[in-house]
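Chemist: Sharing a structure here in structure tokens format.
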Protein chains: 2
Amino acid sequence: MPNRRAVFYVSDRTGITAEALGNSLLTQFDAFEFKKTTIPFVDSMEAADRTVAHINATAASEQHRPIVISSIVDEAISARIRECNARVLDFFQVFIAPLEQELGVKSAHAAGRSHGLRNSQEYFSRIEAINFTLAHDDGQSTKELGRAQVILVGVSRCGKTPTSLYLGLQCGIRCANFPLTPDDFERGALPDSLLPYRDKLFGLTIASDRLQAIRQERRPDSTYSSAEQCRREVQAAERLMEDANVPMLNTSTKSIEELATTILLQRGLDRHIF
Amino acid sequence: MPNRRAVFYVSDRTGITAEALGNSLLTQFDAFEFKKTTIPFVDSMEAADRTVAHINATAASEQHRPIVISSIVDEAISARIRECNARVLDFFQVFIAPLEQELGVKSAHAAGRSHGLRNSQEYFSRIEAINFTLAHDDGQSTKELGRAQVILVGVSRCGKTPTSLYLGLQCGIRCANFPLTPDDFERGALPDSLLPYRDKLFGLTIASDRLQAIRQERRPDSTYSSAEQCRREVQAAERLMEDANVPMLNTSTKSIEELATTILLQRGLDRHIF
């Protein structure tokens, strides 16, 4: 396997940023098969020594030296990691110098400031957004809908719940979601409880064949998952949302991250970054 | 405000990785107040022109030029962004060259591979993890507990739900969670339904004063949120988990990301990165 490479994500904290960065780079090299390992919490010389030993053992057993994508704030620990038998790219070390130069000061060089618990206020507002979003999933509650920052609407299984949870958990946004059902289509109108909050509504729609595939996983060979039912519901929901001037986004080919980012952008909401 | 700086996160996709990277760097400069703006989906020369105009307008109105942390795969668009009146750090451009050199090939230079919808299989398994986690939140269901990869236990409001949702949504892990209640403490044993899955259990605990603050937000001045009740429940839960040899983690000073990373590490589970 000449195109196989071991990749290590090494971080003094969770490694989440190193993983995200590394994955976005590695997806550019289609022809390779990357065997990825994340080593978090490398925040002491002992942990650094263990990590180097681990990487070197892999290097000895592979045809090519590994790639290490790291984020280590402490200079001594970073220097120790760089001694391993691998190509080491440390984004913290690469970017901190130009930032220090631009800002005209030395950085704190203190680990644990990213993806850590910065303050109680921030934690409470994140937890509140999660609780609000959970309590208002799938039209469960119309209480306090006025406090929602976004209310997603669309047919069952078009992607409302994952998008709402992402907005709550990862963006700190209070997001409710409401299903549009055959009842609403017969009446030809949005659910009454949503009418006072028109400016918060955001519609999700989906290609009917994709909807069918998703519903089929859930309730195989039911009316609910039939091609005809899916096609009808999608058409009726789109007509309802168009008539009510609800902005609409098609979820068929978009990731949860892309949907959330687009909704926030169109609604002019800032995501809170944790 | 000599220490105020405008920061732009510019990306051809969602900007999530640029934000994560930028935030982890900027937290190192405590003395500054950063005014952050994310500009996602800069995937055409027209969008690049608009972005440069936006950044230049900010530069003209501020004492110092802005900082731009970007992730742009297309070289022409990246070059256009770099012409703006700001200090531009593009992590894609900085890291792609050494990776190409190490791997001995040119990269695809194709945008949209990160945080995009890569394939249906991956999407379905993420959705399945989310659905499983939601269905098994707060002991709601004991059905299919055998399919859980982790089962979190602990007193009410110790952090089980946010941690479970994070594991489901962001790591693709099927995570159930179960409350430990005064009933269990009286019996002095774990809930019966959990006994077959001892090796999947992971305990969360919390400092009792922090638990009290969290419960106080939820049900002010109740028995549930009293100092005495919180202290008793935490003590009893810790004793129960110790007796049952359930590994335990204190959530008081840890972020959701740190908790999830630690649990996966201790359980030997790989997170799936989306």
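Ordering of the structure tokens sets the chain letters (A, B, ...); residue numbers start at 1 within each chain; ligands are numbered from 1 in the order shown.
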Tell me the residues of chain B close to chain A, meaning within 8 Å using only C-alpha atoms, as an NGL selection string.

Modeler: :B and (13-14 or 17 or 19-21 or 23-25 or 27-30 or 40 or 87 or 89 or 92 or 95-96 or 102 or 107-110 or 113-117 or 123 or 127 or 130 or 162 or 165-166 or 169 or 253-255 or 257-258 or 261 or 273)

Chemist: Would you give me, as a count of residues only, the residues in range 78-152 of chain A that DSSP reads as alpha helix (DSSP H)?

Modeler: 34

Chemist: Figure out the distance between CA of Ile263 in chain B and CA of Asp49 in chain A, please, to one decimal in Å.

Modeler: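 If I compute the distance from CA of Asp49 in chain A to CA of Ile263 in chain B, I get 22.6 Å.
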
Chemist: Looking at B:Gln212, B:Gln63, B:Ser11, B:Ser125, which one is nearest to Ala47 in chain B, with distances taken over only C-alpha atoms?

Modeler: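 Smallest separation from Ala47 in chain B among the options: B:Ser11.
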
Chemist: By how many Å are CA of Asp183 in chain B and CA of Leu240 in chain B apart?

Modeler: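 Taking CA of Asp183 in chain B as the start and CA of Leu240 in chain B as the end point, the length is 12.0 Å.
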
Chemist: Which residues are near Glu238 in chain B? Cut-off 9 Å, only C-alpha atoms, ignore same chain within fewer than 6 positions. Put them as a ChimeraX atom specification.

Modeler: /B:154,203-205,248
